[in-house]
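Participant: work.cif is the file, holding mmCIF, C-alpha atoms:
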```
data_upload
#
loop_
_atom_site.label_atom_id
_atom_site.label_comp_id
_atom_site.auth_asym_id
_atom_site.auth_seq_id
_atom_site.Cartn_x
_atom_site.Cartn_y
_atom_site.Cartn_z
CA MET S 1 61.78 -27.24 -17.37
CA SER S 2 59.00 -24.78 -18.28
CA PRO S 3 55.71 -24.94 -16.37
CA ILE S 4 53.05 -26.90 -18.28
CA ARG S 5 49.26 -26.67 -18.19
CA ALA S 6 47.74 -29.97 -19.28
CA LEU S 7 44.29 -31.21 -20.30
CA ILE S 8 43.69 -34.95 -19.86
CA VAL S 9 40.71 -36.43 -21.73
CA ASP S 10 39.61 -39.96 -20.88
CA ASP S 11 36.25 -41.46 -19.87
CA SER S 12 38.02 -43.37 -17.10
CA SER S 13 38.74 -41.31 -13.99
CA VAL S 14 41.34 -43.89 -12.93
CA MET S 15 43.17 -43.53 -16.23
CA ARG S 16 43.10 -39.73 -15.96
CA LYS S 17 44.81 -39.99 -12.56
CA ILE S 18 47.38 -42.48 -13.90
CA ILE S 19 48.18 -40.22 -16.85
CA GLU S 20 48.64 -37.22 -14.57
CA ARG S 21 50.93 -39.24 -12.30
CA SER S 22 52.92 -40.42 -15.32
CA LEU S 23 53.35 -36.84 -16.54
CA ARG S 24 54.70 -35.82 -13.15
CA GLN S 25 56.99 -38.89 -13.13
CA ALA S 26 58.21 -37.80 -16.56
CA GLY S 27 59.53 -34.69 -14.85
CA LEU S 28 56.98 -32.21 -16.21
CA ASP S 29 56.41 -29.15 -14.06
CA LEU S 30 52.59 -29.28 -14.16
CA THR S 31 51.19 -25.99 -12.90
CA SER S 32 47.62 -27.05 -13.64
CA VAL S 33 45.82 -30.15 -14.84
CA ILE S 34 42.22 -30.07 -16.02
CA GLU S 35 40.25 -33.19 -16.88
CA ALA S 36 37.43 -34.08 -19.25
CA ALA S 37 35.53 -37.32 -19.73
CA ASN S 38 35.04 -36.91 -23.49
CA GLY S 39 35.88 -34.69 -26.43
CA ALA S 40 32.84 -32.46 -26.08
CA ASP S 41 33.62 -31.70 -22.43
CA ALA S 42 37.22 -31.01 -23.41
CA LEU S 43 36.18 -28.45 -26.02
CA ALA S 44 33.89 -26.78 -23.50
CA LEU S 45 36.76 -26.52 -21.00
CA LEU S 46 39.01 -25.01 -23.64
CA ASP S 47 36.56 -22.11 -23.99
CA THR S 48 37.66 -20.89 -20.58
CA HIS S 49 41.07 -22.51 -20.00
CA THR S 50 44.41 -22.25 -21.74
CA VAL S 51 46.57 -25.36 -21.91
CA ASP S 52 49.99 -26.26 -23.35
CA LEU S 53 49.37 -29.98 -23.86
CA ILE S 54 46.42 -32.33 -24.42
CA LEU S 55 46.48 -36.08 -23.79
CA SER S 56 43.40 -37.84 -25.07
CA ASP S 57 41.90 -41.30 -25.23
CA ILE S 58 40.29 -42.27 -28.55
CA ASN S 59 37.40 -44.54 -27.61
CA MET S 60 35.03 -42.34 -25.55
CA PRO S 61 31.28 -41.75 -25.50
CA VAL S 62 29.68 -38.50 -26.76
CA MET S 63 32.74 -37.34 -28.75
CA ASP S 64 35.74 -39.60 -29.35
CA GLY S 65 39.36 -38.54 -29.45
CA LEU S 66 39.65 -38.49 -33.23
CA GLU S 67 36.71 -36.10 -33.47
CA LEU S 68 38.23 -33.97 -30.73
CA VAL S 69 41.49 -33.63 -32.66
CA ARG S 70 39.61 -32.74 -35.83
CA ASN S 71 37.64 -30.07 -33.96
CA LEU S 72 40.80 -28.64 -32.41
CA GLN S 73 42.34 -28.22 -35.85
CA SER S 74 39.31 -26.27 -37.03
CA ILE S 75 39.65 -23.67 -34.26
CA GLU S 76 42.54 -21.31 -34.90
CA ARG S 77 43.12 -20.53 -31.23
CA LEU S 78 43.45 -24.23 -30.38
CA ARG S 79 45.18 -25.51 -33.50
CA GLY S 80 48.70 -25.20 -32.12
CA ILE S 81 48.17 -27.17 -28.92
CA PRO S 82 50.07 -30.47 -29.17
CA VAL S 83 47.84 -33.53 -28.73
CA VAL S 84 49.09 -36.99 -27.78
CA MET S 85 46.64 -39.88 -28.07
CA ILE S 86 46.64 -42.54 -25.30
CA THR S 87 44.46 -45.52 -26.10
CA THR S 88 43.94 -49.27 -26.20
CA GLU S 89 42.82 -48.89 -29.81
CA GLY S 90 46.29 -49.46 -31.15
CA SER S 91 45.25 -50.14 -34.73
CA GLU S 92 47.30 -48.69 -37.56
CA THR S 93 44.12 -47.14 -38.97
CA ASN S 94 43.55 -45.14 -35.81
CA VAL S 95 47.19 -44.06 -35.63
CA VAL S 96 47.13 -42.81 -39.21
CA GLN S 97 43.80 -41.06 -38.67
CA ALA S 98 44.86 -39.40 -35.45
CA LEU S 99 48.12 -38.18 -36.96
CA SER S 100 46.43 -37.00 -40.16
CA PHE S 101 43.92 -35.04 -38.07
CA GLY S 102 46.78 -33.29 -36.28
CA ALA S 103 47.80 -35.40 -33.28
CA LYS S 104 51.53 -35.21 -32.57
CA GLY S 105 52.04 -38.54 -30.85
CA TYR S 106 50.51 -41.85 -29.91
CA ILE S 107 50.86 -44.04 -26.80
CA ARG S 108 49.29 -47.45 -26.50
CA LYS S 109 47.77 -48.73 -23.22
CA PRO S 110 49.13 -50.40 -21.18
CA PHE S 111 52.00 -47.95 -20.90
CA THR S 112 54.92 -47.28 -18.59
CA PRO S 113 55.85 -43.83 -17.23
CA ASP S 114 58.99 -44.03 -19.38
CA GLN S 115 56.86 -44.40 -22.50
CA VAL S 116 54.85 -41.32 -21.53
CA LYS S 117 58.10 -39.42 -21.08
CA GLU S 118 59.46 -40.68 -24.41
CA HIS S 119 56.39 -39.58 -26.34
CA VAL S 120 55.36 -36.38 -24.54
CA LEU S 121 58.62 -34.51 -24.02
CA PRO S 122 59.49 -34.29 -27.74
CA VAL S 123 56.11 -32.79 -28.69
CA LEU S 124 56.76 -30.08 -26.11
CA GLY S 125 60.20 -29.49 -27.56
CA LEU S 126 61.83 -30.71 -24.32
CA MET K 1 57.69 -39.71 -38.46
CA THR K 2 59.12 -37.96 -35.41
CA LYS K 3 60.26 -39.76 -32.31
CA ALA K 4 57.03 -38.72 -30.62
CA MET K 5 54.99 -40.38 -33.31
CA THR K 6 56.72 -43.74 -33.11
CA GLU K 7 55.22 -46.40 -30.92
CA THR K 8 57.41 -48.30 -28.53
CA ASN K 9 56.31 -50.61 -25.79
CA THR K 10 57.56 -53.47 -23.70
CA MET K 11 54.92 -55.90 -24.87
CA THR K 12 55.43 -59.02 -26.94
CA PRO K 13 56.12 -58.19 -30.59
CA LEU K 14 53.13 -58.50 -32.87
CA ALA K 15 52.76 -61.32 -35.35
CA ASP K 16 52.47 -60.67 -39.09
CA GLN K 17 49.93 -57.84 -39.56
CA SER K 18 49.34 -58.51 -43.26
CA LEU K 19 46.62 -61.12 -42.79
CA ALA K 20 43.06 -59.80 -42.76
CA THR K 21 41.30 -62.79 -41.17
CA PRO K 22 42.55 -64.38 -37.96
CA ILE K 23 42.85 -68.16 -38.04
CA PHE K 24 41.74 -69.64 -34.74
CA ASP K 25 44.19 -71.85 -32.90
CA ARG K 26 43.05 -72.69 -29.39
CA THR K 27 46.45 -73.32 -27.90
CA SER K 28 48.17 -70.24 -29.27
CA TRP K 29 45.17 -67.95 -28.68
CA ALA K 30 44.83 -69.16 -25.09
CA GLN K 31 48.52 -68.37 -24.59
CA LEU K 32 48.07 -64.91 -26.15
CA LEU K 33 45.14 -64.22 -23.80
CA GLU K 34 47.27 -65.24 -20.83
CA ASP K 35 50.21 -63.16 -22.08
CA ALA K 36 47.98 -60.14 -22.72
CA THR K 37 46.61 -60.35 -19.18
CA ARG K 38 50.00 -60.79 -17.55
CA GLU K 39 51.42 -57.79 -19.44
CA VAL K 40 48.60 -55.49 -18.35
CA PHE K 41 49.14 -56.45 -14.71
CA GLU K 42 52.92 -56.13 -14.92
CA ILE K 43 52.89 -52.75 -16.68
CA MET K 44 49.91 -51.02 -15.07
CA LEU K 45 49.83 -52.63 -11.62
CA GLY K 46 53.47 -53.62 -11.20
CA THR K 47 52.30 -57.11 -10.25
CA SER K 48 53.05 -60.55 -11.61
CA LEU K 49 50.14 -62.94 -11.94
CA ASN K 50 50.50 -66.60 -11.04
CA ALA K 51 48.65 -69.23 -13.02
CA CYS K 52 45.89 -70.89 -11.03
CA ASP K 53 44.35 -74.37 -11.21
CA PRO K 54 40.91 -73.89 -12.84
CA VAL K 55 39.53 -77.00 -11.14
CA ALA K 56 40.36 -75.63 -7.69
CA SER K 57 38.98 -72.18 -8.54
CA PRO K 58 35.30 -71.74 -7.74
CA ARG K 59 33.53 -69.80 -10.50
CA GLY K 60 31.94 -66.56 -9.53
CA GLY K 61 33.44 -63.31 -8.32
CA GLU K 62 31.60 -60.31 -6.96
CA PHE K 63 32.85 -57.99 -9.69
CA THR K 64 32.61 -58.63 -13.42
CA ALA K 65 33.84 -56.33 -16.19
CA LEU K 66 32.70 -56.91 -19.77
CA VAL K 67 34.16 -55.52 -22.99
CA GLY K 68 32.59 -56.25 -26.37
CA LEU K 69 34.58 -56.91 -29.53
CA ALA K 70 33.14 -56.24 -32.97
CA GLY K 71 34.63 -56.63 -36.43
CA ASN K 72 36.61 -59.56 -37.75
CA LEU K 73 36.74 -60.71 -34.13
CA CYS K 74 33.29 -60.67 -32.47
CA GLY K 75 32.50 -61.56 -28.89
CA VAL K 76 32.86 -60.55 -25.26
CA LEU K 77 35.83 -60.49 -22.94
CA SER K 78 34.99 -60.72 -19.26
CA ILE K 79 37.11 -60.58 -16.14
CA ARG K 80 35.89 -61.60 -12.70
CA CYS K 81 37.25 -61.16 -9.22
CA SER K 82 36.28 -60.49 -5.64
CA ASN K 83 35.40 -57.07 -4.27
CA GLN K 84 38.65 -57.09 -2.29
CA SER K 85 40.69 -57.95 -5.38
CA ALA K 86 39.06 -55.13 -7.37
CA CYS K 87 39.98 -52.67 -4.60
CA THR K 88 43.54 -53.99 -4.49
CA MET K 89 43.86 -53.65 -8.28
CA ALA K 90 42.64 -50.05 -8.18
CA SER K 91 44.95 -49.37 -5.25
CA LYS K 92 47.96 -50.65 -7.19
CA MET K 93 46.98 -48.78 -10.35
CA LEU K 94 46.51 -45.49 -8.53
CA GLY K 95 49.25 -45.89 -5.95
CA VAL K 96 46.90 -45.17 -3.04
CA PRO K 97 45.83 -47.28 -0.03
CA ALA K 98 42.97 -49.72 -0.76
CA GLU K 99 40.70 -47.97 1.76
CA GLU K 100 40.94 -44.75 -0.29
CA VAL K 101 39.90 -46.35 -3.59
CA GLY K 102 36.10 -46.17 -3.25
CA ASP K 103 34.17 -46.28 -6.52
CA ASP K 104 37.39 -46.10 -8.53
CA SER K 105 37.50 -49.91 -8.20
CA PHE K 106 34.67 -50.15 -10.80
CA ASP K 107 36.52 -47.89 -13.17
CA ALA K 108 39.85 -49.65 -12.63
CA LEU K 109 38.36 -53.08 -13.36
CA GLY K 110 36.75 -51.76 -16.54
CA GLU K 111 40.06 -50.28 -17.69
CA ILE K 112 41.87 -53.53 -16.96
CA ALA K 113 39.33 -55.46 -19.07
CA ASN K 114 39.66 -52.86 -21.81
CA MET K 115 43.44 -53.08 -21.85
CA ILE K 116 43.46 -56.90 -21.81
CA ALA K 117 41.05 -56.96 -24.78
CA GLY K 118 43.07 -54.35 -26.65
CA ASN K 119 46.36 -56.04 -25.90
CA PHE K 120 44.98 -59.45 -26.97
CA LYS K 121 43.60 -58.25 -30.28
CA GLY K 122 46.83 -56.38 -30.92
CA LYS K 123 48.70 -59.67 -30.73
CA LEU K 124 46.57 -61.32 -33.42
CA ALA K 125 47.79 -60.87 -36.97
CA GLY K 126 45.52 -58.60 -39.00
CA VAL K 127 42.95 -58.03 -36.25
CA GLY K 128 44.04 -54.68 -34.85
CA ASN K 129 42.71 -52.64 -37.77
CA HIS K 130 39.44 -54.53 -38.07
CA CYS K 131 38.16 -55.01 -34.53
CA MET K 132 36.63 -52.34 -32.29
CA LEU K 133 36.17 -52.47 -28.53
CA SER K 134 33.11 -51.31 -26.62
CA VAL K 135 33.20 -49.11 -23.54
CA PRO K 136 33.45 -51.48 -20.52
CA THR K 137 30.41 -52.54 -18.49
CA ILE K 138 30.71 -53.48 -14.81
CA ILE K 139 28.41 -55.96 -13.04
CA VAL K 140 28.42 -56.03 -9.24
CA GLY K 141 27.10 -59.14 -7.50
CA THR K 142 27.01 -62.85 -8.20
CA SER K 143 23.33 -63.43 -8.87
CA TYR K 144 23.39 -63.37 -12.64
CA ARG K 145 23.93 -65.80 -15.50
CA THR K 146 25.51 -65.27 -18.88
CA HIS K 147 24.68 -67.37 -21.92
CA SER K 148 27.46 -68.37 -24.25
CA ILE K 149 27.19 -67.46 -27.90
CA SER K 150 25.74 -70.41 -29.77
CA GLY K 151 28.46 -72.26 -31.63
CA GLY K 152 31.07 -69.92 -30.26
CA ILE K 153 34.56 -70.42 -28.93
CA THR K 154 35.43 -69.91 -25.26
CA LEU K 155 38.93 -69.26 -24.00
CA GLU K 156 39.63 -68.98 -20.29
CA ALA K 157 42.61 -68.04 -18.18
CA PHE K 158 42.80 -68.48 -14.43
CA PHE K 159 45.15 -66.58 -12.18
CA ASP K 160 45.99 -66.06 -8.56
CA PHE K 161 45.95 -62.33 -7.74
CA ASP K 162 46.89 -61.37 -4.21
CA ARG K 163 46.01 -64.91 -3.06
CA LYS K 164 42.52 -64.69 -4.57
CA PRO K 165 41.24 -66.09 -7.90
CA PHE K 166 41.02 -63.89 -10.97
CA TRP K 167 39.35 -65.17 -14.16
CA VAL K 168 39.56 -63.99 -17.74
CA THR K 169 37.06 -65.37 -20.26
CA LEU K 170 36.87 -64.63 -23.96
CA GLU K 171 33.76 -65.80 -25.81
CA LEU K 172 33.96 -65.44 -29.57
CA HIS K 173 31.70 -66.04 -32.53
CA GLU K 174 33.19 -68.68 -34.76
#
```
How would this structure read if it were set down as structure tokens?

Facilitator:
Amino acid sequence: MSPIRALIVDDSSVMRKIIERSLRQAGLDLTSVIEAANGADALALLDTHTVDLILSDINMPVMDGLELVRNLQSIERLRGIPVVMITTEGSETNVVQALSFGAKGYIRKPFTPDQVKEHVLPVLGL
Amino acid sequence: MTKAMTETNTMTPLADQSLATPIFDRTSWAQLLEDATREVFEIMLGTSLNACDPVASPRGGEFTALVGLAGNLCGVLSIRCSNQSACTMASKMLGVPAEEVGDDSFDALGEIANMIAGNFKGKLAGVGNHCMLSVPTIIVGTSYRTHSISGGITLEAFFDFDRKPFWVTLELHE
């Protein structure tokens, strides 16, 4: 499996750790994991870091996950990075919005490591 | 829709999503709240919760997490537990010893409240698209009082977590 650099965006530090653990349990070879507490911090990190995958919460202060995805699509260098949303906001409206903005997948909390594997590997072409 | 875009989970199937306004039924909603709580603990903590006798459970708890609901379901969901229980929950979520948890116990309790609220509203027909959740708030200590919403509805669920009481309360506007 190819080495993966991941960005995890969630205002909960506990959830960021759980997501990272789930990615490793999914069998991903994570060479680096960077973390951000909201969309604005994530965009700032992406100025200086290159990643292969972004997992993002939706409901966050400062800049939410939907706005983050929309911003990513407007930046040519970042447009191709696959984004998977992980959130408690499991409404159909949010799913449709996230996907229409460019997200490639959607996982609802609470989630199992198997669900992370099921949703993340395909967006990486694995 | 690709496989990655589909949503699968091990939770109870949703009821009919076509209705826009939820119709309150105390018995079924109380059961949904209990189910939503149990599922969060089973999936995220790998722990089964036992029902607890509310009469034998002293109210209180050193840690309280609050999550607001706004939309066609308005109110506050709160969970309460002891300091030790909050540390144990964070320990189970993170897979680390309880003594290594530190301030992550606040964050873990807030996430648990958030997931219970999200899971509960997801089980109510027509609510998911029309109800938003707030970012969780954590209260530490027991010296505070909350005032119920006037004319509102209160649902409560009582559990035994790691041999200590754990309470879930949902106060809703009628």

Participant: With distances taken over all atoms listed in the file, which residue among K:Met93, K:Ala157, K:Ala70, K:Ala30 lies nearest Asn50 (chain K)?

Facilitator: K:Ala157

Participant: Please identify all polymer residues within 9 Å of Gly95 (chain K), counting all atoms listed in the file, omitting same-chain residues fewer than 4 positions from it, and present them as a ChimeraX atom specification.

Facilitator: /S:18 /K:45,90-91

Participant: Using CA of Gly126 (chain K) and CA of Gly110 (chain K) as the two end points, give the distance in Å to one decimal.

Facilitator: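 Distance reported for this atom pair: 25.1 Å.
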
Participant: For region 71-73 of chain S, work out the shell of residues within 8 Å, counting all atoms listed in the file and skipping chain neighbours fewer than 4 positions away, then give it as a PDB file with C-alpha atoms, in the coordinates of the input.

Facilitator:
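selection-v4.pdb, freshly written:
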```pdb
ATOM      1  CA  LEU S  43      36.180 -28.450 -26.020  1.00  0.00           C
ATOM      2  CA  GLU S  67      36.710 -36.100 -33.470  1.00  0.00           C
ATOM      3  CA  LEU S  78      43.450 -24.230 -30.380  1.00  0.00           C
ATOM      4  CA  ARG S  79      45.180 -25.510 -33.500  1.00  0.00           C
ATOM      5  CA  GLY S  80      48.700 -25.200 -32.120  1.00  0.00           C
ATOM      6  CA  PHE S 101      43.920 -35.040 -38.070  1.00  0.00           C
ATOM      7  CA  GLY S 102      46.780 -33.290 -36.280  1.00  0.00           C
TER       8      GLY S 102
END
```

Participant: Please identify every residue of chain S that has at least one atom no farther than 6 Å from an atom of chain K, counting all atoms listed in the file, and for each give the shortest atom pair and the distance in Å to one decimal, arranged by chain then increasing number, as a Markdown table.

Facilitator:
```
| residue | atom | partner | partner_atom | distance |
| --- | --- | --- | --- | --- |
| S:Val14 | CA | K:Ala108 | CA | 6.0 |
| S:Thr88 | CA | K:Gly118 | CA | 5.2 |
| S:Ser91 | CA | K:Asn129 | CA | 4.7 |
| S:Thr93 | CA | K:Asn129 | CA | 5.8 |
| S:Gly105 | CA | K:Met5 | CA | 4.3 |
| S:Tyr106 | CA | K:Met5 | CA | 5.8 |
| S:Pro110 | CA | K:Val40 | CA | 5.8 |
| S:His119 | CA | K:Ala4 | CA | 4.4 |
| S:Pro122 | CA | K:Ala4 | CA | 5.8 |
```

Participant: Give me the residues within 6 Å of region 75-85 of chain K as a VMD selection string, counting all atoms listed in the file and dropping any in the same chain fewer than 6 places off.

Facilitator: chain K and resid 61 to 69 166 to 173

Participant: Hey, can you check how far CA of Val51 (chain S) sits from CA of Phe111 (chain S)?

Facilitator: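 Pair CA of Val51 (chain S) / CA of Phe111 (chain S) returns 23.3 Å.
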
Participant: Can you find the residues with an atom no farther than 9 Å from (42.0, -42.2, -27.9), counting all atoms listed in the file, and report them as an MDAnalysis selection string?

Facilitator: chainID S and resid 9:10 55:60 64:66 84:89 94 98 106

Participant: Neighbours of Gln25 (chain S) within 10 Å (all atoms listed in the file; same-chain residues fewer than 3 positions away dropped), as a PDB file with C-alpha atoms, keeping the file's coordinate frame?

Facilitator:
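Below you can see part10.pdb, which holds the result:
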```
ATOM      1  CA  ILE S  19      48.180 -40.220 -16.850  1.00  0.00           C
ATOM      2  CA  GLU S  20      48.640 -37.220 -14.570  1.00  0.00           C
ATOM      3  CA  ARG S  21      50.930 -39.240 -12.300  1.00  0.00           C
ATOM      4  CA  SER S  22      52.920 -40.420 -15.320  1.00  0.00           C
ATOM      5  CA  LEU S  28      56.980 -32.210 -16.210  1.00  0.00           C
ATOM      6  CA  ASP S  29      56.410 -29.150 -14.060  1.00  0.00           C
ATOM      7  CA  PRO S 113      55.850 -43.830 -17.230  1.00  0.00           C
ATOM      8  CA  ASP S 114      58.990 -44.030 -19.380  1.00  0.00           C
ATOM      9  CA  VAL S 116      54.850 -41.320 -21.530  1.00  0.00           C
ATOM     10  CA  LYS S 117      58.100 -39.420 -21.080  1.00  0.00           C
TER      11      LYS S 117
END
```

Participant: In Å, how far is it from CA of Pro82 (chain S) to CA of Ile54 (chain S)?

Facilitator: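 Pair CA of Pro82 (chain S) / CA of Ile54 (chain S) returns 6.3 Å.
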
Participant: Residues within 7 Å of region 33-42 of chain S, please, as a list in words. Count all atoms listed in the file; anything in the same chain fewer than 3 positions from it doesn't count.

Facilitator: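 Non-adjacent residues within range: Arg5, Ala6, Leu7, Ile8, Val9, Asp10, Asp11, Leu30, Leu45, Leu46, Met60, Pro61, Val62, Met63, Asp64, Gly65 and Leu68 of chain S.
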
Participant: Which is closest to Ala125 (chain K) among K:Asn72, K:Thr47, K:Val96, K:Glu156, if we use only C-alpha atoms?

Facilitator: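 Looking at the shortest contact to Ala125 (chain K), the residue is K:Asn72.
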